[in-house]
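Pasted below: target27.csv, CSV, C-alpha atoms.
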chain,number,residue,atom,x,y,z
A,1,MET,CA,84.4,-31.8,-117.3
A,2,ALA,CA,80.9,-32.3,-118.7
A,3,ASP,CA,79.3,-29.7,-120.8
A,4,PRO,CA,76.2,-27.9,-119.5
A,5,MET,CA,72.6,-29.2,-120.2
A,6,ARG,CA,70.0,-27.1,-121.8
A,7,ILE,CA,66.8,-27.1,-119.8
A,8,ARG,CA,63.5,-25.4,-120.8
A,9,ALA,CA,60.5,-25.6,-118.6
A,10,GLN,CA,57.2,-24.1,-119.5
A,11,ALA,CA,54.0,-23.9,-117.4
A,12,ALA,CA,50.6,-24.5,-118.9
A,13,GLY,CA,47.6,-25.1,-116.7
A,14,ASP,CA,48.4,-27.1,-113.6
A,15,LYS,CA,51.5,-28.6,-115.0
A,16,ALA,CA,54.8,-27.7,-116.6
A,17,THR,CA,56.5,-29.3,-119.5
A,18,VAL,CA,60.2,-29.8,-119.0
A,19,ARG,CA,62.6,-30.4,-121.9
A,20,VAL,CA,66.2,-31.3,-121.2
A,21,LEU,CA,69.0,-31.7,-123.7
A,22,MET,CA,72.1,-33.4,-122.2
A,23,SER,CA,75.6,-33.4,-123.6
A,24,HIS,CA,77.0,-36.9,-123.2
A,25,GLU,CA,78.8,-39.4,-125.4
A,26,MET,CA,76.6,-42.3,-124.2
A,27,GLU,CA,79.1,-44.9,-125.4
A,28,SER,CA,77.3,-48.3,-125.4
A,29,GLY,CA,80.4,-50.5,-124.8
A,30,GLN,CA,79.5,-52.5,-127.9
A,31,ARG,CA,81.5,-50.6,-130.4
A,32,LYS,CA,85.1,-51.2,-131.5
A,33,ASP,CA,87.6,-48.5,-132.4
A,34,ALA,CA,89.9,-48.4,-135.5
A,35,SER,CA,92.4,-50.7,-133.9
A,36,GLY,CA,89.7,-53.3,-133.0
A,37,LYS,CA,89.6,-52.7,-129.3
A,38,THR,CA,86.2,-52.3,-127.6
A,39,VAL,CA,85.4,-48.7,-126.7
A,40,PRO,CA,84.6,-48.8,-123.0
A,41,ALA,CA,81.0,-48.2,-122.0
A,42,TRP,CA,80.3,-44.7,-120.8
A,43,PHE,CA,76.7,-43.7,-120.3
A,44,ILE,CA,74.4,-41.9,-117.9
A,45,GLN,CA,73.0,-44.3,-115.3
A,46,GLU,CA,70.9,-42.1,-113.0
A,47,VAL,CA,68.8,-39.1,-113.8
A,48,GLU,CA,66.9,-37.1,-111.1
A,49,ALA,CA,64.7,-34.1,-111.5
A,50,LYS,CA,63.9,-31.8,-108.5
A,51,LEU,CA,61.2,-29.2,-108.2
A,52,ASN,CA,62.2,-26.5,-105.7
A,53,GLY,CA,64.6,-29.0,-104.1
A,54,LYS,CA,62.1,-31.8,-103.9
A,55,SER,CA,62.6,-34.9,-105.9
A,56,VAL,CA,59.9,-35.3,-108.5
A,57,MET,CA,61.4,-37.9,-110.9
A,58,THR,CA,64.2,-40.4,-110.9
A,59,ALA,CA,65.2,-42.6,-113.8
A,60,GLU,CA,67.7,-45.4,-114.4
A,61,TRP,CA,69.2,-45.2,-117.8
A,62,GLY,CA,71.3,-47.7,-119.8
A,63,PRO,CA,73.6,-47.9,-122.8
A,64,ALA,CA,70.7,-48.0,-125.2
A,65,VAL,CA,69.9,-44.3,-124.8
A,66,SER,CA,71.3,-42.1,-127.7
A,67,LYS,CA,74.2,-39.8,-127.6
A,68,ASN,CA,73.3,-36.2,-126.5
A,69,PRO,CA,70.0,-37.5,-125.1
A,70,PHE,CA,66.8,-35.5,-125.1
A,71,LEU,CA,64.4,-35.9,-122.2
A,72,GLN,CA,60.9,-34.5,-121.9
A,73,PHE,CA,58.5,-34.9,-119.0
A,74,ALA,CA,55.6,-33.1,-117.3
A,75,VAL,CA,55.6,-31.9,-113.6
A,76,LYS,CA,52.2,-31.5,-112.0
A,77,GLY,CA,51.7,-28.5,-109.8
A,78,ALA,CA,54.8,-26.6,-111.2
A,79,LYS,CA,54.2,-22.8,-111.6
A,80,ALA,CA,56.1,-20.1,-113.3
A,81,GLY,CA,59.0,-19.0,-111.2
A,82,ASP,CA,59.6,-22.5,-109.7
A,83,LYS,CA,63.1,-24.0,-110.0
A,84,ILE,CA,63.6,-27.2,-111.9
A,85,ALA,CA,67.0,-28.9,-111.3
A,86,VAL,CA,68.1,-31.9,-113.3
A,87,THR,CA,71.1,-34.1,-112.3
A,88,TRP,CA,72.7,-36.9,-114.1
A,89,LYS,CA,75.3,-39.4,-113.0
A,90,ASP,CA,77.3,-41.6,-115.4
A,91,ASN,CA,79.0,-45.0,-114.9
A,92,LYS,CA,82.3,-43.3,-114.4
A,93,GLY,CA,81.0,-41.4,-111.5
A,94,ASP,CA,80.9,-38.1,-113.3
A,95,THR,CA,77.9,-36.0,-112.5
A,96,ARG,CA,76.3,-32.7,-113.5
A,97,THR,CA,73.5,-30.6,-112.3
A,98,ASP,CA,71.8,-27.7,-114.1
A,99,GLU,CA,68.9,-25.6,-113.0
A,100,ALA,CA,66.2,-23.7,-114.9
A,101,THR,CA,63.3,-21.5,-113.9
A,102,VAL,CA,59.8,-22.4,-115.1
A,103,SER,CA,58.4,-19.8,-117.4
B,1,MET,CA,45.2,-68.3,-171.3
B,2,ARG,CA,43.6,-65.0,-171.9
B,3,MET,CA,42.1,-65.2,-168.4
B,4,THR,CA,45.5,-65.7,-166.8
B,5,LYS,CA,47.0,-62.7,-168.6
B,6,ALA,CA,44.2,-60.4,-167.5
B,7,LEU,CA,44.6,-61.6,-163.9
B,8,SER,CA,48.3,-61.1,-163.9
B,9,LEU,CA,47.8,-57.6,-165.3
B,10,ILE,CA,45.5,-56.8,-162.4
B,11,ALA,CA,48.1,-58.2,-160.0
B,12,LEU,CA,50.8,-56.1,-161.6
B,13,GLY,CA,48.5,-53.0,-161.2
B,14,CYS,CA,48.0,-53.8,-157.6
B,15,LEU,CA,51.8,-54.1,-157.0
B,16,ALA,CA,52.4,-50.8,-158.7
B,17,SER,CA,49.9,-49.0,-156.6
B,18,THR,CA,51.2,-50.5,-153.3
B,19,ALA,CA,54.7,-49.5,-154.2
B,20,ALA,CA,53.5,-45.9,-154.9
B,21,LEU,CA,51.7,-45.9,-151.6
B,22,ALA,CA,54.6,-47.3,-149.7
B,23,GLN,CA,57.0,-44.7,-151.2
B,24,LYS,CA,54.8,-41.9,-150.1
B,25,THR,CA,54.5,-43.2,-146.6
B,26,ALA,CA,58.2,-43.6,-146.3
B,27,VAL,CA,58.8,-40.0,-147.2
B,28,GLN,CA,56.0,-38.9,-144.9
B,29,SER,CA,57.2,-40.9,-141.9
B,30,ILE,CA,60.7,-39.4,-142.4
B,31,GLU,CA,59.1,-36.0,-142.3
B,32,GLU,CA,57.3,-37.0,-139.1
B,33,TYR,CA,60.5,-38.3,-137.6
B,34,ARG,CA,62.3,-35.0,-138.4
B,35,ALA,CA,59.5,-33.0,-136.9
B,36,MET,CA,59.7,-35.0,-133.7
B,37,LEU,CA,63.5,-34.4,-133.5
B,38,GLN,CA,63.2,-30.7,-134.2
B,39,ASP,CA,62.3,-29.8,-130.7
B,40,GLY,CA,65.4,-31.3,-129.0
B,41,ASN,CA,68.0,-30.5,-131.6
B,42,PRO,CA,71.4,-31.2,-130.0
B,43,ALA,CA,72.8,-28.5,-132.2
B,44,ASP,CA,71.7,-26.3,-129.3
B,45,LEU,CA,74.6,-27.8,-127.3
B,46,PHE,CA,77.1,-27.0,-130.0
B,47,GLU,CA,75.6,-23.5,-130.4
B,48,ALA,CA,76.1,-22.8,-126.7
B,49,LYS,CA,79.7,-24.0,-126.9
B,50,GLY,CA,80.4,-21.9,-129.9
B,51,GLU,CA,79.1,-18.8,-128.3
B,52,ASP,CA,81.4,-19.4,-125.3
B,53,LEU,CA,84.4,-20.0,-127.6
B,54,TRP,CA,83.8,-16.8,-129.5
B,55,LYS,CA,84.1,-14.8,-126.3
B,56,GLN,CA,86.7,-16.8,-124.6
B,57,LYS,CA,90.4,-15.6,-124.6
B,58,ARG,CA,92.4,-18.4,-126.2
B,59,GLY,CA,95.6,-19.1,-128.0
B,60,PRO,CA,99.2,-17.8,-127.7
B,61,LYS,CA,97.9,-14.2,-128.0
B,62,ASN,CA,95.2,-14.9,-125.3
B,63,ALA,CA,92.6,-13.1,-127.3
B,64,SER,CA,88.9,-13.7,-128.0
B,65,LEU,CA,87.4,-13.7,-131.5
B,66,GLU,CA,85.2,-10.8,-130.7
B,67,LYS,CA,87.1,-8.5,-133.1
B,68,CYS,CA,86.9,-11.1,-136.0
B,69,ASP,CA,85.5,-9.5,-139.2
B,70,LEU,CA,83.1,-12.0,-140.8
B,71,GLY,CA,82.3,-9.5,-143.6
B,72,LYS,CA,80.0,-7.1,-141.8
B,73,GLY,CA,82.7,-5.4,-139.7
B,74,PRO,CA,84.7,-6.5,-136.7
B,75,GLY,CA,82.6,-8.4,-134.2
B,76,VAL,CA,79.4,-8.3,-136.3
B,77,VAL,CA,77.9,-11.8,-136.3
B,78,LYS,CA,74.3,-11.4,-137.0
B,79,GLY,CA,73.6,-11.7,-140.7
B,80,ALA,CA,77.1,-12.5,-141.6
B,81,PHE,CA,76.4,-16.2,-142.3
B,82,VAL,CA,73.9,-15.6,-145.1
B,83,GLU,CA,76.5,-13.4,-147.0
B,84,LEU,CA,79.3,-15.9,-146.9
B,85,PRO,CA,81.4,-16.9,-148.8
B,86,ARG,CA,82.5,-13.4,-149.9
B,87,PHE,CA,85.7,-11.6,-150.9
B,88,PHE,CA,87.8,-10.2,-148.1
B,89,ALA,CA,90.0,-7.2,-148.9
B,90,ASP,CA,92.5,-8.0,-146.1
B,91,THR,CA,93.3,-11.5,-147.2
B,92,ARG,CA,92.6,-10.7,-150.8
B,93,LYS,CA,90.7,-13.9,-151.0
B,94,VAL,CA,87.2,-15.3,-151.3
B,95,GLN,CA,86.5,-17.1,-148.0
B,96,ASP,CA,83.7,-19.1,-146.5
B,97,LEU,CA,82.8,-19.1,-142.8
B,98,GLU,CA,85.3,-21.7,-141.8
B,99,SER,CA,88.3,-20.4,-143.8
B,100,ARG,CA,87.5,-16.9,-142.5
B,101,LEU,CA,87.4,-18.3,-138.9
B,102,LEU,CA,90.8,-19.9,-139.6
B,103,THR,CA,92.2,-16.5,-140.6
B,104,CYS,CA,90.8,-14.9,-137.4
B,105,MET,CA,92.1,-17.7,-135.2
B,106,GLU,CA,95.5,-17.2,-136.7
B,107,THR,CA,95.7,-13.4,-136.7
B,108,LEU,CA,93.8,-12.6,-133.5
B,109,GLN,CA,94.5,-15.6,-131.3
B,110,GLY,CA,97.9,-16.7,-132.8
B,111,LEU,CA,96.7,-20.3,-133.4
B,112,ASP,CA,98.3,-22.3,-136.2
B,113,ALA,CA,95.8,-22.2,-139.1
B,114,GLY,CA,97.7,-24.8,-141.1
B,115,GLN,CA,97.7,-27.2,-138.2
B,116,ILE,CA,94.0,-26.8,-137.7
B,117,ALA,CA,93.3,-27.3,-141.4
B,118,LYS,CA,95.3,-30.6,-141.2
B,119,THR,CA,93.4,-31.8,-138.1
B,120,PRO,CA,90.8,-34.5,-139.0
B,121,PHE,CA,87.1,-33.5,-138.4
B,122,GLY,CA,85.9,-34.3,-134.9
B,123,LYS,CA,89.3,-33.9,-133.3
B,124,GLY,CA,90.9,-31.2,-131.3
B,125,GLU,CA,90.5,-27.7,-132.6
B,126,GLN,CA,88.2,-28.9,-135.4
B,127,ASN,CA,85.5,-29.5,-132.8
B,128,ASN,CA,85.8,-25.9,-131.7
B,129,MET,CA,85.7,-24.8,-135.4
B,130,THR,CA,82.4,-26.7,-135.8
B,131,ALA,CA,80.9,-25.3,-132.6
B,132,LEU,CA,81.8,-21.7,-133.7
B,133,ALA,CA,80.3,-22.3,-137.2
B,134,THR,CA,77.1,-23.6,-135.5
B,135,TRP,CA,76.7,-20.6,-133.3
B,136,ILE,CA,77.5,-18.1,-136.1
B,137,SER,CA,75.0,-19.8,-138.4
B,138,ALA,CA,72.4,-19.8,-135.7
B,139,GLU,CA,72.7,-16.0,-135.3
B,140,SER,CA,71.4,-15.7,-138.9
B,141,LYS,CA,68.6,-18.3,-138.6
B,142,GLY,CA,65.7,-17.4,-140.7
B,143,MET,CA,67.5,-14.8,-142.7
B,144,LYS,CA,67.7,-15.0,-146.5
B,145,PHE,CA,70.9,-15.8,-148.4
B,146,ASN,CA,72.3,-12.8,-150.2
B,147,LEU,CA,75.8,-13.6,-151.5
B,148,SER,CA,77.7,-10.8,-153.2
B,149,GLN,CA,78.8,-11.2,-156.8
B,150,ALA,CA,80.1,-7.7,-157.1
B,151,HIS,CA,83.8,-8.5,-156.9
B,152,ALA,CA,85.5,-10.0,-159.9
B,153,GLN,CA,87.0,-12.8,-157.7
B,154,GLU,CA,83.5,-13.7,-156.5
B,155,LYS,CA,82.4,-14.2,-160.1
B,156,VAL,CA,85.4,-16.3,-160.8
B,157,PHE,CA,84.7,-18.5,-157.7
B,158,TYR,CA,81.1,-18.9,-158.9
B,159,GLU,CA,82.3,-20.2,-162.3
B,160,VAL,CA,85.0,-22.4,-160.8
B,161,GLY,CA,82.4,-23.8,-158.3
B,162,LYS,CA,80.1,-24.5,-161.2
B,163,ARG,CA,82.8,-26.4,-163.1
B,164,LEU,CA,83.7,-28.4,-160.0
B,165,PHE,CA,80.0,-29.2,-159.5
B,166,PHE,CA,79.8,-30.8,-162.9
B,167,GLN,CA,83.3,-32.3,-163.0
B,168,ARG,CA,83.1,-36.1,-163.3
B,169,GLY,CA,85.8,-38.3,-162.1
B,170,GLY,CA,86.9,-41.0,-159.6
B,171,PRO,CA,86.3,-44.7,-160.0
B,172,HIS,CA,82.6,-44.2,-160.2
B,173,ASP,CA,82.8,-41.4,-162.8
B,174,PHE,CA,80.7,-39.2,-160.5
B,175,SER,CA,80.1,-35.5,-160.2
B,176,CYS,CA,78.1,-33.6,-157.6
B,177,ALA,CA,75.5,-33.1,-160.4
B,178,SER,CA,75.1,-36.9,-160.7
B,179,CYS,CA,73.1,-36.9,-157.5
B,180,HIS,CA,72.2,-33.2,-157.2
B,181,GLY,CA,71.3,-32.3,-160.8
B,182,GLN,CA,67.7,-33.5,-161.0
B,183,ASP,CA,64.4,-32.9,-159.2
B,184,ASN,CA,62.7,-35.3,-156.9
B,185,THR,CA,65.3,-38.0,-156.6
B,186,ARG,CA,66.4,-39.9,-153.5
B,187,ILE,CA,69.4,-41.9,-152.4
B,188,ARG,CA,68.0,-44.7,-150.1
B,189,LEU,CA,65.5,-42.7,-148.1
B,190,GLN,CA,67.1,-39.3,-148.3
B,191,ASP,CA,65.7,-36.7,-150.6
B,192,LEU,CA,68.3,-35.2,-152.9
B,193,PRO,CA,67.9,-31.5,-153.5
B,194,ASN,CA,68.6,-30.2,-157.0
B,195,LEU,CA,71.5,-27.9,-156.3
B,196,THR,CA,72.0,-26.6,-159.9
B,197,ARG,CA,69.2,-24.1,-159.1
B,198,ASN,CA,67.6,-22.7,-156.0
B,199,PRO,CA,66.3,-25.7,-154.0
B,200,GLY,CA,64.2,-23.4,-151.7
B,201,ASP,CA,64.1,-22.4,-148.0
B,202,GLY,CA,66.1,-24.6,-145.6
B,203,VAL,CA,67.3,-27.1,-148.3
B,204,GLY,CA,70.8,-27.9,-149.4
B,205,PHE,CA,73.2,-25.0,-148.7
B,206,ALA,CA,70.6,-23.4,-146.4
B,207,ALA,CA,70.5,-26.5,-144.1
B,208,TRP,CA,74.1,-26.8,-142.9
B,209,PRO,CA,75.7,-26.8,-140.3
B,210,ALA,CA,73.5,-29.6,-139.1
B,211,TYR,CA,73.4,-32.3,-136.4
B,212,ARG,CA,73.3,-35.9,-137.8
B,213,VAL,CA,71.3,-38.0,-135.5
B,214,SER,CA,72.5,-41.3,-137.0
B,215,ASN,CA,76.1,-40.7,-135.9
B,216,GLY,CA,75.6,-38.0,-133.3
B,217,GLN,CA,77.9,-35.6,-135.0
B,218,MET,CA,77.6,-31.9,-135.8
B,219,TRP,CA,78.7,-31.1,-139.3
B,220,ALA,CA,79.5,-27.7,-140.8
B,221,MET,CA,79.7,-27.1,-144.6
B,222,GLN,CA,83.3,-28.1,-145.0
B,223,GLN,CA,82.7,-31.5,-143.6
B,224,ARG,CA,79.5,-31.8,-145.6
B,225,LEU,CA,81.5,-31.2,-148.8
B,226,ASN,CA,84.3,-33.4,-147.7
B,227,ASP,CA,81.9,-36.3,-147.2
B,228,CYS,CA,80.3,-35.6,-150.6
B,229,TYR,CA,83.7,-36.1,-152.1
B,230,ARG,CA,84.2,-39.2,-150.0
B,231,GLN,CA,81.0,-40.7,-151.4
B,232,GLN,CA,82.2,-39.9,-154.9
B,233,ARG,CA,85.5,-41.7,-154.1
B,234,PHE,CA,87.4,-38.5,-154.9
B,235,PRO,CA,90.5,-37.6,-152.9
B,236,TYR,CA,89.6,-35.5,-149.9
B,237,PRO,CA,89.6,-31.8,-150.8
B,238,GLY,CA,91.8,-29.7,-148.4
B,239,PHE,CA,90.0,-28.1,-145.4
B,240,ALA,CA,89.0,-24.6,-146.3
B,241,SER,CA,90.6,-25.1,-149.8
B,242,ASP,CA,89.8,-22.7,-152.6
B,243,ALA,CA,87.9,-25.6,-154.3
B,244,THR,CA,85.5,-26.1,-151.4
B,245,VAL,CA,85.0,-22.3,-151.1
B,246,ALA,CA,84.2,-22.1,-154.8
B,247,LEU,CA,81.6,-24.8,-154.4
B,248,GLY,CA,80.2,-22.9,-151.5
B,249,VAL,CA,80.0,-19.8,-153.7
B,250,TYR,CA,78.2,-21.7,-156.4
B,251,LEU,CA,75.7,-23.3,-154.0
B,252,GLY,CA,75.2,-20.1,-152.0
B,253,VAL,CA,74.6,-17.9,-155.0
B,254,ASN,CA,72.1,-20.5,-156.3
B,255,SER,CA,70.3,-20.3,-153.0
B,256,HIS,CA,69.9,-16.5,-153.2
B,257,GLY,CA,66.7,-15.4,-151.4
B,258,SER,CA,66.2,-18.8,-149.6
B,259,ALA,CA,66.0,-18.7,-145.8
B,260,SER,CA,68.6,-20.4,-143.8
B,261,VAL,CA,67.4,-22.9,-141.2
B,262,ALA,CA,70.9,-23.7,-139.9
B,263,PRO,CA,71.7,-25.3,-137.5
B,264,ALA,CA,69.4,-28.0,-138.8
B,265,ILE,CA,68.9,-31.6,-137.8
B,266,LYS,CA,69.4,-34.5,-140.2
B,267,ARG,CA,68.5,-38.2,-140.0

Is it possible to express this structure as structure tokens?
Amino acid sequence: MADPMRIRAQAAGDKATVRVLMSHEMESGQRKDASGKTVPAWFIQEVEAKLNGKSVMTAEWGPAVSKNPFLQFAVKGAKAGDKIAVTWKDNKGDTRTDEATVS
Amino acid sequence: MRMTKALSLIALGCLASTAALAQKTAVQSIEEYRAMLQDGNPADLFEAKGEDLWKQKRGPKNASLEKCDLGKGPGVVKGAFVELPRFFADTRKVQDLESRLLTCMETLQGLDAGQIAKTPFGKGEQNNMTALATWISAESKGMKFNLSQAHAQEKVFYEVGKRLFFQRGGPHDFSCASCHGQDNTRIRLQDLPNLTRNPGDGVGFAAWPAYRVSNGQMWAMQQRLNDCYRQQRFPYPGFASDATVALGVYLGVNSHGSASVAPAIKR
């Protein structure tokens, strides 16, 4: 079971800055373990952000993204009180969604 | 002949000034890099996990750690970190944060402290230990170190820690002081704080637990000290051993009055 994300969203002017910290191993598939066997790739492939249920951003990620990734983006037209939901899905099919309120 | 000499002198001068410039830029860009990372410190994730673990009922006794006495009374977390290590009357020992947590996990939750101490860092219950230490340190963020030296044992631990700090040994004939006994030195690109005196706010003892970006690991003080000994090619000190606690007392007392920035973020 994946650990929760940390999402902070702050409105300023006509947009809101969203900062997301995800908890994920992001194993590249290039590393070998102590016994010389390749550690299987395990990384986030899809990221989607929704503002009040409406999709505002999608991203395709690969194995080059760091462990415990940090993502920051701006959403136009988001106001205090709006709901920002972020979903990721990894290559093992595991997924996690967390929600935060814009302040 | 004379001409060539003068020219080469000028060339040398240029070389020296470029080197000085490059050095400054490297330190500055590291500062910049750290500032960029500061906002999304993944230590937050460990902090959240630690807080949950503190309140969660676990172990054979199915109890939480909420009655754990970190030195300021059962369950008091805020401000406890900046007063550790300290002497505890119930165990009659000087303990640091992690050795104290071991005691609590054993007495309150019924977990096997010996087994946890033997577990390698980053595995099993040690991950929980790190998360707990991260959260507890975060509860004292910005507060100033104020270790007690009132008890005789605390004074003894300070002196023992000092001895250990200067003790040279291993194949490289190294001591902690070899790297951390001078001002303004670096190892590769990392600044080395002088830990024989107070290195200031958020440096040295006041900067751990910290998240290491390069390996994506969260390290508490015990792992930090363990890795220092690895770099010295010493045998690993035992987890939560008296030797590591004594070093903690030495570093902590030296940092008196400095503000803790833990959980910090490192390269």

Quiz item: In Å, how far is it from CA of Gly161 in chain B to CA of Lys123 in chain B?
Solution: 27.8 Å

Practice problem: Identify every residue of chain B that has at least one atom within 7 Å of any atom of chain A, counting only C-alpha atoms, and report the result as a PyMOL selection string. | Solution: chain B and resi 40+42+45+216

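Across the structure, CA of Gly59 in chain B and CA of Thr97 in chain A are spaced 29.4 Å apart.
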
Practice problem: Select all residues near (53.3, -24.3, -110.9) (cut-off 7 Å, inclusive, file coordinates), counting only C-alpha atoms, and output them as a count of residues only. | Solution: 9

Self-check item: Residue contacts of Trp88 in chain A (12 Å, all atoms listed in the file) excluding same-chain residues fewer than 3 positions away, as a PyMOL selection string
Solution: chain A and resi 2-5+20-24+43-50+57-61+69+71+85+91-99

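Atom pair CA of Leu195 in chain B / CA of Val261 in chain B has a distance of 16.4 Å (rounded to one decimal).
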
Practice problem: Excluding range 173-178 of chain B and residues on its chain fewer than 5 positions from it, collect all residues at most 9 Å away from it, counting only C-alpha atoms, and give them as an MDAnalysis selection string. | Solution: chainID B and resid 164:168 194:196 228:229 232:234

Exercise. Determine, counting only C-alpha atoms, which protein, DNA and RNA residues have an atom within 12 Å of an atom of Asp52 in chain B; residues of the same chain fewer than 3 positions away are not included. Present the result as a list in words.
Key: Asp3 and Pro4 of chain A; Leu45, Phe46, Glu47, Ala48, Lys49, Lys55, Gln56, Lys57, Arg58, Ser64, Leu65, Glu66, Asn128, Ala131, Leu132, Thr134, Trp135 and Ile136 of chain B

Quiz prompt | Neighbours of point (87.1, -19.6, -147.2) within 8 Å, using only C-alpha atoms, written as a PyMOL selection string | solution = chain B and resi 85+93-100+240-242+244-245

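You can rank B:Leu108, B:Ala150, B:Ala243, B:Ala262 by their closest distance to Tyr211 in chain B using only C-alpha atoms, and at the top of that list sits B:Ala262.
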
Repair of range 147-162 of chain B at the level of N, CA and C atoms, as a CSV table (one decimal), in the frame of the given file:
chain,number,residue,atom,x,y,z
B,147,LEU,N,74.4,-13.6,-151.2
B,147,LEU,CA,75.8,-13.6,-151.5
B,147,LEU,C,76.1,-12.5,-152.5
B,148,SER,N,77.2,-11.8,-152.3
B,148,SER,CA,77.7,-10.8,-153.2
B,148,SER,C,78.3,-11.4,-154.4
B,149,GLN,N,78.1,-10.8,-155.6
B,149,GLN,CA,78.8,-11.2,-156.8
B,149,GLN,C,79.4,-10.0,-157.4
B,150,ALA,N,79.6,-9.0,-156.6
B,150,ALA,CA,80.1,-7.7,-157.1
B,150,ALA,C,81.6,-7.7,-157.4
B,151,HIS,N,82.4,-8.4,-156.7
B,151,HIS,CA,83.8,-8.5,-156.9
B,151,HIS,C,84.1,-9.5,-158.0
B,152,ALA,N,85.2,-9.2,-158.8
B,152,ALA,CA,85.5,-10.0,-159.9
B,152,ALA,C,85.9,-11.4,-159.4
B,153,GLN,N,86.6,-11.5,-158.2
B,153,GLN,CA,87.0,-12.8,-157.7
B,153,GLN,C,85.8,-13.6,-157.3
B,154,GLU,N,84.7,-13.0,-156.8
B,154,GLU,CA,83.5,-13.7,-156.5
B,154,GLU,C,82.8,-14.3,-157.7
B,155,LYS,N,82.9,-13.6,-158.8
B,155,LYS,CA,82.4,-14.2,-160.1
B,155,LYS,C,83.2,-15.3,-160.5
B,156,VAL,N,84.5,-15.2,-160.4
B,156,VAL,CA,85.4,-16.3,-160.8
B,156,VAL,C,85.1,-17.5,-159.9
B,157,PHE,N,85.0,-17.3,-158.6
B,157,PHE,CA,84.7,-18.5,-157.7
B,157,PHE,C,83.4,-19.1,-158.1
B,158,TYR,N,82.4,-18.3,-158.5
B,158,TYR,CA,81.1,-18.9,-158.9
B,158,TYR,C,81.3,-19.9,-160.1
B,159,GLU,N,82.1,-19.4,-161.1
B,159,GLU,CA,82.3,-20.2,-162.3
B,159,GLU,C,83.1,-21.4,-162.0
B,160,VAL,N,84.1,-21.3,-161.1
B,160,VAL,CA,85.0,-22.4,-160.8
B,160,VAL,C,84.1,-23.4,-160.0
B,161,GLY,N,83.3,-22.9,-159.1
B,161,GLY,CA,82.4,-23.8,-158.3
B,161,GLY,C,81.5,-24.6,-159.2
B,162,LYS,N,81.0,-23.9,-160.2
B,162,LYS,CA,80.1,-24.5,-161.2
B,162,LYS,C,80.8,-25.7,-162.0
